Amino acid sequence: MAIMVTGGAGYIGSHAVQRLLADGHRVVCVDNLFRGHREAMEILSRGAGARLVFVAAEVGDRDLMLRLIESHGVDTVMHFAALAYVGESVNMPLRYYRANAASMLGLLEAVEASHALPGGGVSRFVFSSTCASYGEPVRENIPIRETCPQSPINPYGWSKLHGERMLMDFADMCARAGRPFATARLRYFNVAGSDPAGLIGEHHEPETHVIPVALQAVLGQREAFTIFGTDYPTPDGTCIRDYVHVVDLVDAHVAVMNAIKPGEQRVYNLGIGSGFSVRQVIDSVQRVTGAKLNIKEGPRRPGDPSELFADPRKIREELNWQARHTDLDSIVQTAWRWFREHPRGYAE
Ligand code: UDP
C-alpha cells in the first residue's frame with residue numbers, strides 16, 4: 001500500500017514526505033510545481049529508492065489521479081496541495097477557488113472512482129484545513145476549539161472551508177453506502193520552522209510569512225521589516241497567531257492517519273495553544289539571530305484577523321499528541337538554520 005501526498009514538493013508536504021519515508025512508507029507525491037520545488041523531491045528521493053514516486057501534475061486531474069491510485073495501490077491520501085497566502089487570496093480570489101476548491105473536487109472524484117477498484121481504493125483521507133476558516137472569532141471563542149463557528153473573512157479561508165464541506169458530504173455518502181472510508185480535517189494554525197537536520201526547509205516565492213520575511217530582513221535581502229497593523233485590539237496592537245513547528249504538525253498527521261477508523265470523520269485544531277504577537281515574533285528573531293532589525297510600522301493587511309490561537313485539548317485528549325516545540329525561539333532557531341545555510345532557498 002502507498003500514501004499519496006499532494007503538494008509534497010511544498011513546504012509542509014515535503015516535511016510530511018520526509019517523515020513518511022523515514023517511517024518506511026511508500027509515497028506517491030503529486031505536485032504541479034507552481035510553488036513546490038523539484039529540488040526538495042530530489043533531496044528526499046536520495047536514499048528512498050523506489051519508495052518515493054514523484055509526479056509533476058495537477059491534483060485536480062481526476063483521470064490521472066485515479067490511474068496513480070490504481071497503479072501504486074494508494075490507500076491513503078494526505079491532501080496538502082493548495083495556495084496559502086491570505087493577502088493574495090483577497091486580490092486573486094478565483095485563483096484560490098481554482099487551486100484549493102476545484103482541484104480538490106477532481107481529487108475527490110478520483111477517490112470516489114477508486115472505491116470501485118478491486119482493493120477498494122482510498123480508505124483514508126487527511127485534509128489540510130486552516131484556522132483561517134474560523135474568520136474573526138468572538139473573544140469568548142479564543143482559544144479556538146473545533147466547535148467554534150467557521151466563518152472565514154478571506155477567500156483563502158473560504159476556499160478551504162469549501163474543501164472541508166465537500167469532504168464531509170462525500171464521507172457522509174460513503175458511510176450511508178457502507179464504504180470503509182475515514183477522514184480527518186486538520187485545521188492548522190501558523191506553521192513555521194524547518195527540518196532540524198537542515199535538509200529541507202521553507203522556500204516560498206513570493207515570501208510573505210512573518211518568520212521567513214523577518215529572517216530575510218536579517219540576511220539583508222529586505223531593507224526593513226514592516227509590521228502590518230499596530231492598531232489591533234491586542235496588548236501590543238499587533239496580530240496574535242499560534243506558531244506550530246512543521247515537524248510537530250507532521251507528527252500529528254501521522255498520529256491521526258493511524259487512528260482514524262472506517263466511518264469516522266475527525267476534526268482537530270493543530271496549534272501549540274498559545275499566541276504570539278508580531279512584535280513578539282520580531283523579538284524572538286532578533287534574539288535567535290543576534291541581529292537588530294530595521295522595523296517599520298505599516299497599515300493593516302486586508303483579510304487579517306486580529307487574534308487566532310488554538311485550544312489544542314481535543315487532539316491531546318484523544319490521540320495524546322501535543323506540540324513538542326512550544327517556545328517561539330526553538331521554532332525560529334530551526335527556521336534560521338535553514339535560511340542561514342540556504343539564503344536563496346532551493347535555488348542555492
Ligand atoms: N505580518 C507582518 N509583516 C510581514 C508579514 C506578516 O506584520 O511582513 C503579520 C501578518 O499581518 C499577520 C502575522 O504576521 O498578522 C502572520 O502572518 P503570516 O503571513 O505569517 O501568516 P497568516 O496568519 O497570514 O497565515
# chains A, B, ... in the order shown; residues from 1 in each chain; ligands from 1
$ residues_around --residues "Asp311 (chain A)" --least-positions-apart "4" --cutoff "9 Å" --atoms "only C-alpha atoms" --output "PyMOL selection string"
chain A and resi 142-146+269-274
$ write_last_selection --atoms "all heavy atoms" --output "short mmCIF file (atom, residue, chain, number, x, y, z; two decimals), in the first residue's frame"
data_model
loop_
_atom_site.label_atom_id
_atom_site.label_comp_id
_atom_site.auth_asym_id
_atom_site.auth_seq_id
_atom_site.Cartn_x
_atom_site.Cartn_y
_atom_site.Cartn_z
N ILE A 142 -11.93 32.31 21.96
CA ILE A 142 -10.47 32.23 21.91
C ILE A 142 -9.96 31.82 23.28
O ILE A 142 -10.37 32.42 24.26
CB ILE A 142 -9.85 33.59 21.50
CG1 ILE A 142 -10.37 33.98 20.11
CG2 ILE A 142 -8.34 33.51 21.47
CD1 ILE A 142 -9.96 35.37 19.67
N PRO A 143 -9.10 30.80 23.43
CA PRO A 143 -8.54 29.96 22.38
C PRO A 143 -9.62 29.15 21.64
O PRO A 143 -10.64 28.80 22.21
CB PRO A 143 -7.57 29.05 23.13
CG PRO A 143 -7.94 29.12 24.56
CD PRO A 143 -8.60 30.43 24.78
N ILE A 144 -9.31 28.86 20.39
CA ILE A 144 -10.31 28.33 19.47
C ILE A 144 -10.42 26.81 19.58
O ILE A 144 -9.43 26.09 19.43
CB ILE A 144 -9.94 28.73 18.03
CG1 ILE A 144 -9.88 30.27 17.92
CG2 ILE A 144 -10.94 28.17 17.04
CD1 ILE A 144 -9.29 30.76 16.61
N ARG A 145 -11.65 26.38 19.83
CA ARG A 145 -11.91 24.94 19.84
C ARG A 145 -12.48 24.55 18.48
O ARG A 145 -12.90 25.41 17.70
CB ARG A 145 -12.94 24.59 20.92
CG ARG A 145 -12.55 25.14 22.29
CD ARG A 145 -13.35 24.50 23.37
NE ARG A 145 -12.99 23.08 23.43
CZ ARG A 145 -13.31 22.28 24.45
NH1 ARG A 145 -14.02 22.74 25.46
NH2 ARG A 145 -12.95 21.03 24.44
N GLU A 146 -12.56 23.25 18.24
CA GLU A 146 -13.03 22.76 16.94
C GLU A 146 -14.50 23.10 16.72
O GLU A 146 -14.98 23.12 15.57
CB GLU A 146 -12.83 21.24 16.83
CG GLU A 146 -11.37 20.82 16.69
CD GLU A 146 -10.58 20.82 17.99
OE1 GLU A 146 -11.10 21.22 19.06
OE2 GLU A 146 -9.39 20.42 17.94
N ASN A 269 -7.86 20.83 15.66
CA ASN A 269 -7.04 22.03 15.53
C ASN A 269 -5.60 21.64 15.82
O ASN A 269 -5.33 20.93 16.80
CB ASN A 269 -7.45 23.08 16.58
CG ASN A 269 -8.74 23.78 16.19
OD1 ASN A 269 -9.16 23.75 15.03
ND2 ASN A 269 -9.37 24.43 17.16
N LEU A 270 -4.68 22.13 15.00
CA LEU A 270 -3.26 21.86 15.25
C LEU A 270 -2.53 23.17 15.53
O LEU A 270 -2.26 23.96 14.63
CB LEU A 270 -2.63 21.15 14.05
CG LEU A 270 -3.24 19.80 13.67
CD1 LEU A 270 -2.46 19.17 12.51
CD2 LEU A 270 -3.27 18.84 14.86
N GLY A 271 -2.25 23.36 16.79
CA GLY A 271 -1.51 24.54 17.22
C GLY A 271 -0.86 24.20 18.55
O GLY A 271 -1.01 23.09 19.06
N ILE A 272 -0.13 25.17 19.11
CA ILE A 272 0.51 24.87 20.39
C ILE A 272 -0.36 25.32 21.55
O ILE A 272 -0.16 24.93 22.69
CB ILE A 272 1.93 25.48 20.51
CG1 ILE A 272 1.89 27.01 20.55
CG2 ILE A 272 2.82 24.99 19.42
CD1 ILE A 272 3.25 27.62 20.84
N GLY A 273 -1.32 26.18 21.27
CA GLY A 273 -2.25 26.59 22.33
C GLY A 273 -1.89 27.92 22.96
O GLY A 273 -2.50 28.31 23.95
N SER A 274 -0.89 28.61 22.42
CA SER A 274 -0.68 29.97 22.90
C SER A 274 -0.32 30.86 21.71
O SER A 274 0.21 30.39 20.70
CB SER A 274 0.39 30.05 23.98
OG SER A 274 1.47 29.24 23.67
#
$ residues_near_ligand --ligand "ligand 1" --cutoff "10 Å" --atoms "only C-alpha atoms and all ligand atoms" --output "VMD selection string"
chain A and resid 84 to 88 130 to 132 156 to 157 188 to 192 207 to 214 217 224 to 230 232 238 to 243 276 to 279 281 to 282 295 to 308
$ residues_around --residues "region 174-186 of chain A" --least-positions-apart "2" --cutoff "9 Å" --atoms "only C-alpha atoms" --output "mmCIF file with all heavy atoms, in the first residue's frame"
data_model
loop_
_atom_site.group_PDB
_atom_site.id
_atom_site.type_symbol
_atom_site.label_atom_id
_atom_site.label_comp_id
_atom_site.auth_asym_id
_atom_site.auth_seq_id
_atom_site.Cartn_x
_atom_site.Cartn_y
_atom_site.Cartn_z
ATOM 1 N N GLU A 112 -13.439 8.728 -5.215
ATOM 2 C CA GLU A 112 -14.737 8.043 -5.336
ATOM 3 C C GLU A 112 -14.636 6.898 -6.350
ATOM 4 O O GLU A 112 -15.049 5.770 -6.075
ATOM 5 C CB GLU A 112 -15.818 9.035 -5.772
ATOM 6 C CG GLU A 112 -17.164 8.369 -5.991
ATOM 7 C CD GLU A 112 -18.270 9.380 -6.265
ATOM 8 O OE1 GLU A 112 -18.031 10.330 -7.046
ATOM 9 O OE2 GLU A 112 -19.356 9.220 -5.697
ATOM 10 N N HIS A 115 -13.017 3.639 -5.309
ATOM 11 C CA HIS A 115 -13.737 2.693 -4.443
ATOM 12 C C HIS A 115 -14.273 1.491 -5.231
ATOM 13 O O HIS A 115 -14.633 0.479 -4.639
ATOM 14 C CB HIS A 115 -14.874 3.420 -3.701
ATOM 15 C CG HIS A 115 -14.355 4.348 -2.643
ATOM 16 N ND1 HIS A 115 -15.115 5.311 -2.030
ATOM 17 C CD2 HIS A 115 -13.119 4.457 -2.082
ATOM 18 C CE1 HIS A 115 -14.389 5.974 -1.155
ATOM 19 N NE2 HIS A 115 -13.167 5.476 -1.164
ATOM 20 N N GLY A 120 -10.420 -1.806 -3.286
ATOM 21 C CA GLY A 120 -11.254 -0.844 -2.549
ATOM 22 C C GLY A 120 -10.730 0.575 -2.587
ATOM 23 O O GLY A 120 -11.357 1.488 -2.072
ATOM 24 N N VAL A 122 -8.980 4.165 -2.099
ATOM 25 C CA VAL A 122 -8.577 5.033 -0.981
ATOM 26 C C VAL A 122 -9.553 4.887 0.186
ATOM 27 O O VAL A 122 -10.750 5.116 0.038
ATOM 28 C CB VAL A 122 -8.519 6.507 -1.445
ATOM 29 C CG1 VAL A 122 -8.232 7.435 -0.266
ATOM 30 C CG2 VAL A 122 -7.464 6.670 -2.531
ATOM 31 N N SER A 123 -9.030 4.520 1.339
ATOM 32 C CA SER A 123 -9.897 4.345 2.511
ATOM 33 C C SER A 123 -9.634 5.388 3.598
ATOM 34 O O SER A 123 -10.365 5.461 4.574
ATOM 35 C CB SER A 123 -9.711 2.948 3.107
ATOM 36 O OG SER A 123 -8.360 2.762 3.459
ATOM 37 N N ARG A 124 -8.559 6.210 3.437
ATOM 38 C CA ARG A 124 -8.273 7.260 4.444
ATOM 39 C C ARG A 124 -7.896 8.545 3.706
ATOM 40 O O ARG A 124 -7.078 8.507 2.761
ATOM 41 C CB ARG A 124 -7.101 6.849 5.345
ATOM 42 C CG ARG A 124 -7.396 5.644 6.212
ATOM 43 C CD ARG A 124 -6.244 5.327 7.150
ATOM 44 N NE ARG A 124 -5.018 4.968 6.448
ATOM 45 C CZ ARG A 124 -3.949 4.454 7.035
ATOM 46 N NH1 ARG A 124 -3.938 4.262 8.335
ATOM 47 N NH2 ARG A 124 -2.871 4.150 6.322
ATOM 48 N N PHE A 125 -8.459 9.643 4.165
ATOM 49 C CA PHE A 125 -8.186 10.934 3.519
ATOM 50 C C PHE A 125 -7.940 11.958 4.612
ATOM 51 O O PHE A 125 -8.806 12.225 5.440
ATOM 52 C CB PHE A 125 -9.393 11.336 2.665
ATOM 53 C CG PHE A 125 -9.120 12.457 1.689
ATOM 54 C CD1 PHE A 125 -8.915 12.195 0.343
ATOM 55 C CD2 PHE A 125 -9.088 13.780 2.114
ATOM 56 C CE1 PHE A 125 -8.675 13.223 -0.575
ATOM 57 C CE2 PHE A 125 -8.854 14.818 1.212
ATOM 58 C CZ PHE A 125 -8.649 14.535 -0.136
ATOM 59 N N VAL A 126 -6.741 12.529 4.617
ATOM 60 C CA VAL A 126 -6.370 13.528 5.630
ATOM 61 C C VAL A 126 -6.215 14.871 4.924
ATOM 62 O O VAL A 126 -5.397 14.995 4.000
ATOM 63 C CB VAL A 126 -5.062 13.125 6.343
ATOM 64 C CG1 VAL A 126 -4.674 14.176 7.376
ATOM 65 C CG2 VAL A 126 -5.222 11.756 7.004
ATOM 66 N N PHE A 127 -7.005 15.842 5.339
ATOM 67 C CA PHE A 127 -7.079 17.122 4.625
ATOM 68 C C PHE A 127 -6.472 18.261 5.438
ATOM 69 O O PHE A 127 -6.790 18.461 6.605
ATOM 70 C CB PHE A 127 -8.557 17.423 4.313
ATOM 71 C CG PHE A 127 -8.795 18.776 3.686
ATOM 72 C CD1 PHE A 127 -8.038 19.213 2.609
ATOM 73 C CD2 PHE A 127 -9.793 19.608 4.174
ATOM 74 C CE1 PHE A 127 -8.260 20.462 2.033
ATOM 75 C CE2 PHE A 127 -10.025 20.856 3.604
ATOM 76 C CZ PHE A 127 -9.257 21.278 2.533
ATOM 77 N N SER A 128 -5.619 19.036 4.774
ATOM 78 C CA SER A 128 -5.031 20.246 5.364
ATOM 79 C C SER A 128 -6.051 21.359 5.342
ATOM 80 O O SER A 128 -6.247 21.978 4.303
ATOM 81 C CB SER A 128 -3.918 20.791 4.481
ATOM 82 O OG SER A 128 -2.888 19.949 4.310
ATOM 83 N N SER A 129 -6.668 21.624 6.454
ATOM 84 C CA SER A 129 -7.534 22.792 6.502
ATOM 85 C C SER A 129 -6.834 23.875 7.329
ATOM 86 O O SER A 129 -5.631 23.774 7.587
ATOM 87 C CB SER A 129 -8.910 22.442 7.057
ATOM 88 O OG SER A 129 -9.770 23.555 6.907
ATOM 89 N N THR A 130 -7.568 24.856 7.735
ATOM 90 C CA THR A 130 -6.889 26.033 8.289
ATOM 91 C C THR A 130 -7.720 26.737 9.351
ATOM 92 O O THR A 130 -8.951 26.744 9.283
ATOM 93 C CB THR A 130 -6.586 27.030 7.157
ATOM 94 O OG1 THR A 130 -6.088 28.246 7.731
ATOM 95 C CG2 THR A 130 -7.833 27.388 6.362
ATOM 96 N N GLU A 164 -13.487 21.440 3.092
ATOM 97 C CA GLU A 164 -13.999 20.688 4.246
ATOM 98 C C GLU A 164 -15.412 20.171 3.958
ATOM 99 O O GLU A 164 -15.755 19.034 4.254
ATOM 100 C CB GLU A 164 -14.039 21.574 5.497
ATOM 101 C CG GLU A 164 -12.693 21.820 6.127
ATOM 102 C CD GLU A 164 -12.813 22.106 7.629
ATOM 103 O OE1 GLU A 164 -13.806 21.703 8.265
ATOM 104 O OE2 GLU A 164 -11.889 22.743 8.167
ATOM 105 N N LEU A 167 -15.578 17.318 1.525
ATOM 106 C CA LEU A 167 -15.096 16.081 2.142
ATOM 107 C C LEU A 167 -16.144 15.509 3.092
ATOM 108 O O LEU A 167 -16.392 14.296 3.106
ATOM 109 C CB LEU A 167 -13.778 16.356 2.876
ATOM 110 C CG LEU A 167 -13.079 15.134 3.464
ATOM 111 C CD1 LEU A 167 -12.758 14.097 2.386
ATOM 112 C CD2 LEU A 167 -11.782 15.554 4.178
ATOM 113 N N MET A 168 -16.801 16.375 3.867
ATOM 114 C CA MET A 168 -17.841 15.902 4.795
ATOM 115 C C MET A 168 -19.002 15.251 4.036
ATOM 116 O O MET A 168 -19.463 14.166 4.396
ATOM 117 C CB MET A 168 -18.402 17.078 5.599
ATOM 118 C CG MET A 168 -17.481 17.588 6.668
ATOM 119 S SD MET A 168 -17.992 19.226 7.225
ATOM 120 C CE MET A 168 -19.456 18.828 8.160
ATOM 121 N N ASP A 169 -19.493 15.944 3.006
ATOM 122 C CA ASP A 169 -20.637 15.403 2.267
ATOM 123 C C ASP A 169 -20.282 14.081 1.600
ATOM 124 O O ASP A 169 -21.078 13.143 1.594
ATOM 125 C CB ASP A 169 -21.126 16.424 1.221
ATOM 126 C CG ASP A 169 -21.799 17.625 1.882
ATOM 127 O OD1 ASP A 169 -22.213 17.507 3.053
ATOM 128 O OD2 ASP A 169 -21.902 18.678 1.226
ATOM 129 N N PHE A 170 -19.075 14.024 1.049
ATOM 130 C CA PHE A 170 -18.645 12.789 0.391
ATOM 131 C C PHE A 170 -18.504 11.660 1.425
ATOM 132 O O PHE A 170 -18.959 10.528 1.198
ATOM 133 C CB PHE A 170 -17.321 13.037 -0.343
ATOM 134 C CG PHE A 170 -16.716 11.811 -0.941
ATOM 135 C CD1 PHE A 170 -17.436 11.030 -1.836
ATOM 136 C CD2 PHE A 170 -15.428 11.422 -0.618
ATOM 137 C CE1 PHE A 170 -16.889 9.882 -2.392
ATOM 138 C CE2 PHE A 170 -14.870 10.282 -1.166
ATOM 139 C CZ PHE A 170 -15.599 9.516 -2.054
ATOM 140 N N ALA A 171 -17.914 11.984 2.581
ATOM 141 C CA ALA A 171 -17.734 10.952 3.616
ATOM 142 C C ALA A 171 -19.088 10.483 4.152
ATOM 143 O O ALA A 171 -19.272 9.290 4.428
ATOM 144 C CB ALA A 171 -16.862 11.494 4.749
ATOM 145 N N ASP A 172 -20.046 11.410 4.277
ATOM 146 C CA ASP A 172 -21.403 11.021 4.716
ATOM 147 C C ASP A 172 -22.000 10.013 3.732
ATOM 148 O O ASP A 172 -22.596 9.009 4.129
ATOM 149 C CB ASP A 172 -22.334 12.250 4.773
ATOM 150 C CG ASP A 172 -22.080 13.114 6.004
ATOM 151 O OD1 ASP A 172 -21.411 12.635 6.942
ATOM 152 O OD2 ASP A 172 -22.553 14.273 6.009
ATOM 153 N N TYR A 188 -4.889 23.873 10.585
ATOM 154 C CA TYR A 188 -3.578 24.347 11.020
ATOM 155 C C TYR A 188 -3.651 25.788 11.473
ATOM 156 O O TYR A 188 -4.288 26.617 10.847
ATOM 157 C CB TYR A 188 -2.562 24.363 9.887
ATOM 158 C CG TYR A 188 -2.393 23.123 9.086
ATOM 159 C CD1 TYR A 188 -1.713 23.188 7.871
ATOM 160 C CD2 TYR A 188 -2.863 21.887 9.503
ATOM 161 C CE1 TYR A 188 -1.517 22.075 7.098
ATOM 162 C CE2 TYR A 188 -2.667 20.764 8.726
ATOM 163 C CZ TYR A 188 -2.011 20.862 7.529
ATOM 164 O OH TYR A 188 -1.808 19.762 6.753
ATOM 165 N N HIS A 253 -0.179 14.561 11.890
ATOM 166 C CA HIS A 253 -0.795 13.888 10.732
ATOM 167 C C HIS A 253 -0.618 12.381 10.819
ATOM 168 O O HIS A 253 -1.527 11.629 10.496
ATOM 169 C CB HIS A 253 -0.144 14.370 9.429
ATOM 170 C CG HIS A 253 -0.629 15.708 8.998
ATOM 171 N ND1 HIS A 253 -0.328 16.851 9.680
ATOM 172 C CD2 HIS A 253 -1.413 16.090 7.969
ATOM 173 C CE1 HIS A 253 -0.892 17.868 9.080
ATOM 174 N NE2 HIS A 253 -1.562 17.441 8.050
ATOM 175 N N VAL A 256 -2.898 10.977 13.476
ATOM 176 C CA VAL A 256 -4.296 10.978 13.016
ATOM 177 C C VAL A 256 -4.512 9.882 11.980
ATOM 178 O O VAL A 256 -5.475 9.113 12.048
ATOM 179 C CB VAL A 256 -4.655 12.365 12.433
ATOM 180 C CG1 VAL A 256 -5.984 12.320 11.704
ATOM 181 C CG2 VAL A 256 -4.687 13.419 13.536
ATOM 182 N N MET A 257 -3.585 9.799 11.029
ATOM 183 C CA MET A 257 -3.717 8.779 9.976
ATOM 184 C C MET A 257 -3.811 7.373 10.584
ATOM 185 O O MET A 257 -4.616 6.547 10.151
ATOM 186 C CB MET A 257 -2.503 8.868 9.038
ATOM 187 C CG MET A 257 -2.432 7.772 8.004
ATOM 188 S SD MET A 257 -0.916 7.869 7.042
ATOM 189 C CE MET A 257 0.261 7.065 8.136
ATOM 190 N N ILE A 260 -7.541 6.981 12.596
ATOM 191 C CA ILE A 260 -8.897 7.049 12.028
ATOM 192 C C ILE A 260 -9.369 5.685 11.523
ATOM 193 O O ILE A 260 -8.626 4.963 10.888
ATOM 194 C CB ILE A 260 -9.029 8.124 10.915
ATOM 195 C CG1 ILE A 260 -7.901 8.026 9.888
ATOM 196 C CG2 ILE A 260 -9.098 9.516 11.532
ATOM 197 C CD1 ILE A 260 -8.042 9.026 8.724
ATOM 198 N N LYS A 261 -10.613 5.403 11.878
ATOM 199 C CA LYS A 261 -11.212 4.101 11.534
ATOM 200 C C LYS A 261 -12.332 4.318 10.515
ATOM 201 O O LYS A 261 -12.943 5.390 10.493
ATOM 202 C CB LYS A 261 -11.821 3.470 12.797
ATOM 203 C CG LYS A 261 -10.828 3.225 13.927
ATOM 204 C CD LYS A 261 -10.081 1.921 13.717
ATOM 205 C CE LYS A 261 -8.984 1.697 14.736
ATOM 206 N NZ LYS A 261 -7.913 2.693 14.770
ATOM 207 N N PRO A 262 -12.630 3.303 9.711
ATOM 208 C CA PRO A 262 -13.673 3.446 8.698
ATOM 209 C C PRO A 262 -14.959 4.025 9.287
ATOM 210 O O PRO A 262 -15.389 3.626 10.372
ATOM 211 C CB PRO A 262 -13.903 2.011 8.219
ATOM 212 C CG PRO A 262 -12.613 1.319 8.487
ATOM 213 C CD PRO A 262 -12.018 1.966 9.702
ATOM 214 N N GLY A 263 -15.521 4.973 8.589
ATOM 215 C CA GLY A 263 -16.772 5.604 9.035
ATOM 216 C C GLY A 263 -16.537 6.842 9.881
ATOM 217 O O GLY A 263 -17.460 7.624 10.097
ATOM 218 N N GLU A 264 -15.301 7.043 10.342
ATOM 219 C CA GLU A 264 -15.033 8.207 11.205
ATOM 220 C C GLU A 264 -14.731 9.460 10.377
ATOM 221 O O GLU A 264 -14.089 9.388 9.339
ATOM 222 C CB GLU A 264 -13.815 7.947 12.094
ATOM 223 C CG GLU A 264 -14.123 7.069 13.277
ATOM 224 C CD GLU A 264 -12.911 6.913 14.203
ATOM 225 O OE1 GLU A 264 -11.766 7.258 13.802
ATOM 226 O OE2 GLU A 264 -13.111 6.435 15.315
ATOM 227 N N GLN A 265 -15.187 10.591 10.910
ATOM 228 C CA GLN A 265 -14.806 11.894 10.342
ATOM 229 C C GLN A 265 -14.282 12.708 11.516
ATOM 230 O O GLN A 265 -15.061 13.132 12.355
ATOM 231 C CB GLN A 265 -16.006 12.615 9.751
ATOM 232 C CG GLN A 265 -16.671 11.905 8.603
ATOM 233 C CD GLN A 265 -17.783 12.753 7.993
ATOM 234 O OE1 GLN A 265 -17.683 13.965 7.880
ATOM 235 N NE2 GLN A 265 -18.860 12.104 7.610
ATOM 236 N N ARG A 266 -12.991 12.879 11.583
ATOM 237 C CA ARG A 266 -12.431 13.618 12.726
ATOM 238 C C ARG A 266 -12.001 15.023 12.314
ATOM 239 O O ARG A 266 -11.635 15.246 11.154
ATOM 240 C CB ARG A 266 -11.234 12.866 13.288
ATOM 241 C CG ARG A 266 -11.604 11.486 13.822
ATOM 242 C CD ARG A 266 -10.625 11.077 14.870
ATOM 243 N NE ARG A 266 -10.783 9.681 15.224
ATOM 244 C CZ ARG A 266 -10.151 9.107 16.238
ATOM 245 N NH1 ARG A 266 -9.289 9.812 16.974
ATOM 246 N NH2 ARG A 266 -10.328 7.839 16.518
ATOM 247 N N VAL A 267 -12.018 15.898 13.304
ATOM 248 C CA VAL A 267 -11.579 17.284 13.087
ATOM 249 C C VAL A 267 -10.668 17.658 14.249
ATOM 250 O O VAL A 267 -11.029 17.418 15.418
ATOM 251 C CB VAL A 267 -12.771 18.260 13.123
ATOM 252 C CG1 VAL A 267 -12.293 19.684 12.846
ATOM 253 C CG2 VAL A 267 -13.826 17.868 12.121
ATOM 254 N N TYR A 268 -9.504 18.198 13.941
ATOM 255 C CA TYR A 268 -8.629 18.661 15.019
ATOM 256 C C TYR A 268 -8.007 20.007 14.654
ATOM 257 O O TYR A 268 -7.616 20.222 13.503
ATOM 258 C CB TYR A 268 -7.477 17.671 15.265
ATOM 259 C CG TYR A 268 -7.907 16.330 15.790
ATOM 260 C CD1 TYR A 268 -7.768 15.190 15.000
ATOM 261 C CD2 TYR A 268 -8.446 16.194 17.067
ATOM 262 C CE1 TYR A 268 -8.153 13.939 15.474
ATOM 263 C CE2 TYR A 268 -8.842 14.947 17.541
ATOM 264 C CZ TYR A 268 -8.695 13.823 16.746
ATOM 265 O OH TYR A 268 -9.083 12.599 17.215
ATOM 266 N N ASN A 269 -7.863 20.830 15.660
ATOM 267 C CA ASN A 269 -7.043 22.034 15.533
ATOM 268 C C ASN A 269 -5.597 21.644 15.820
ATOM 269 O O ASN A 269 -5.333 20.935 16.803
ATOM 270 C CB ASN A 269 -7.455 23.078 16.576
ATOM 271 C CG ASN A 269 -8.740 23.780 16.189
ATOM 272 O OD1 ASN A 269 -9.157 23.750 15.034
ATOM 273 N ND2 ASN A 269 -9.366 24.429 17.155
ATOM 274 N N LEU A 270 -4.680 22.134 14.999
ATOM 275 C CA LEU A 270 -3.264 21.863 15.248
ATOM 276 C C LEU A 270 -2.533 23.168 15.530
ATOM 277 O O LEU A 270 -2.260 23.957 14.626
ATOM 278 C CB LEU A 270 -2.633 21.146 14.045
ATOM 279 C CG LEU A 270 -3.241 19.795 13.666
ATOM 280 C CD1 LEU A 270 -2.463 19.172 12.514
ATOM 281 C CD2 LEU A 270 -3.265 18.836 14.857
#
$ residues_around --residues "Ala110 (chain A)" --least-positions-apart "6" --cutoff "8 Å" --atoms "only C-alpha atoms" --output "PyMOL selection string"
chain A and resi 62-63+65-66
$ closest_residue --among "A:Gly193, A:Gly10, A:Pro233, A:Gly135" --to "Ile153 (chain A)" --atoms "only C-alpha atoms"
A:Gly135
$ atom_distance --atom1 "CA of Val247 (chain A)" --atom2 "CA of Ile12 (chain A)"
8.7 Å
$ select_by_dssp --residues "region 72-308 of chain A" --states "strand (DSSP E)" --output "short mmCIF file (atom, residue, chain, number, x, y, z; two decimals) with C-alpha atoms, in the first residue's frame"
data_model
loop_
_atom_site.label_atom_id
_atom_site.label_comp_id
_atom_site.auth_asym_id
_atom_site.auth_seq_id
_atom_site.Cartn_x
_atom_site.Cartn_y
_atom_site.Cartn_z
CA VAL A 74 -2.75 4.04 -2.85
CA ASP A 75 -4.96 3.51 0.19
CA THR A 76 -4.35 6.85 1.95
CA VAL A 77 -4.32 10.43 0.67
CA MET A 78 -2.77 13.34 2.52
CA HIS A 79 -4.01 16.39 0.68
CA ARG A 124 -8.27 7.26 4.44
CA PHE A 125 -8.19 10.93 3.52
CA VAL A 126 -6.37 13.53 5.63
CA PHE A 127 -7.08 17.12 4.62
CA SER A 128 -5.03 20.25 5.36
CA SER A 129 -7.53 22.79 6.50
CA THR A 130 -6.89 26.03 8.29
CA ALA A 182 -12.21 7.56 7.12
CA THR A 183 -11.41 11.25 7.03
CA ALA A 184 -9.69 13.91 9.08
CA ARG A 185 -9.84 17.66 8.65
CA LEU A 186 -6.85 19.25 10.31
CA ARG A 187 -7.07 22.96 10.90
CA TYR A 188 -3.58 24.35 11.02
CA ASN A 190 0.61 29.19 11.67
CA VAL A 191 3.11 26.57 10.57
CA ALA A 192 6.75 27.54 11.00
CA PHE A 225 10.59 44.50 8.24
CA THR A 226 7.13 46.06 8.11
CA ILE A 227 4.54 45.31 10.77
CA PHE A 228 1.12 45.11 9.13
CA ILE A 240 -1.57 37.35 17.53
CA ARG A 241 -1.02 33.92 15.99
CA TYR A 243 3.02 29.18 15.61
CA VAL A 244 3.31 25.40 15.36
CA HIS A 245 6.52 23.68 14.26
CA GLN A 265 -14.81 11.89 10.34
CA ARG A 266 -12.43 13.62 12.73
CA VAL A 267 -11.58 17.28 13.09
CA TYR A 268 -8.63 18.66 15.02
CA ASN A 269 -7.04 22.03 15.53
CA LEU A 270 -3.26 21.86 15.25
CA PHE A 276 2.43 35.36 19.99
CA SER A 277 2.13 38.87 18.63
CA ILE A 295 11.32 47.82 11.78
CA LYS A 296 8.64 49.88 10.07
CA GLU A 297 5.02 50.21 11.08
CA GLY A 298 2.61 49.90 8.15
#
$ closest_residue --among "A:Phe309, A:Phe54, A:Phe34, A:Trp158" --to "Pro93 (chain A)" --atoms "only C-alpha atoms"
A:Trp158
$ select_by_dssp --residues "region 195-296 of chain A" --states "helix (DSSP H, G or I)" --output "ChimeraX atom specification"
/A:210-218,246-259,278-289
$ closest_residue --among "A:Glu42, A:Asp236, A:Glu109, A:Asp327" --to "Ile200 (chain A)" --atoms "only C-alpha atoms"
A:Glu42
$ residues_around --residues "Leu52 (chain A)" --least-positions-apart "5" --cutoff "8 Å" --atoms "only C-alpha atoms" --output "PyMOL selection string"
chain A and resi 21+26-29+45
$ closest_residue --among "A:Glu58, A:Asp248, A:Asp231, A:Asp283" --to "Val332 (chain A)" --atoms "only C-alpha atoms"
A:Asp283
$ closest_residue --among "A:Glu341, A:Asp251, A:Asp329, A:Glu318" --to "Leu219 (chain A)" --atoms "only C-alpha atoms"
A:Glu341
$ decode --residues "region 224-230 of chain A" --atoms "C-alpha atoms" --output "mmCIF file, in the first residue's frame"
data_model
loop_
_atom_site.group_PDB
_atom_site.id
_atom_site.type_symbol
_atom_site.label_atom_id
_atom_site.label_comp_id
_atom_site.auth_asym_id
_atom_site.auth_seq_id
_atom_site.Cartn_x
_atom_site.Cartn_y
_atom_site.Cartn_z
ATOM 1 C CA ALA A 224 13.245 46.541 6.517
ATOM 2 C CA PHE A 225 10.591 44.502 8.236
ATOM 3 C CA THR A 226 7.125 46.061 8.105
ATOM 4 C CA ILE A 227 4.541 45.314 10.774
ATOM 5 C CA PHE A 228 1.119 45.109 9.129
ATOM 6 C CA GLY A 229 -1.050 46.989 11.580
ATOM 7 C CA THR A 230 -0.274 48.244 15.070
#
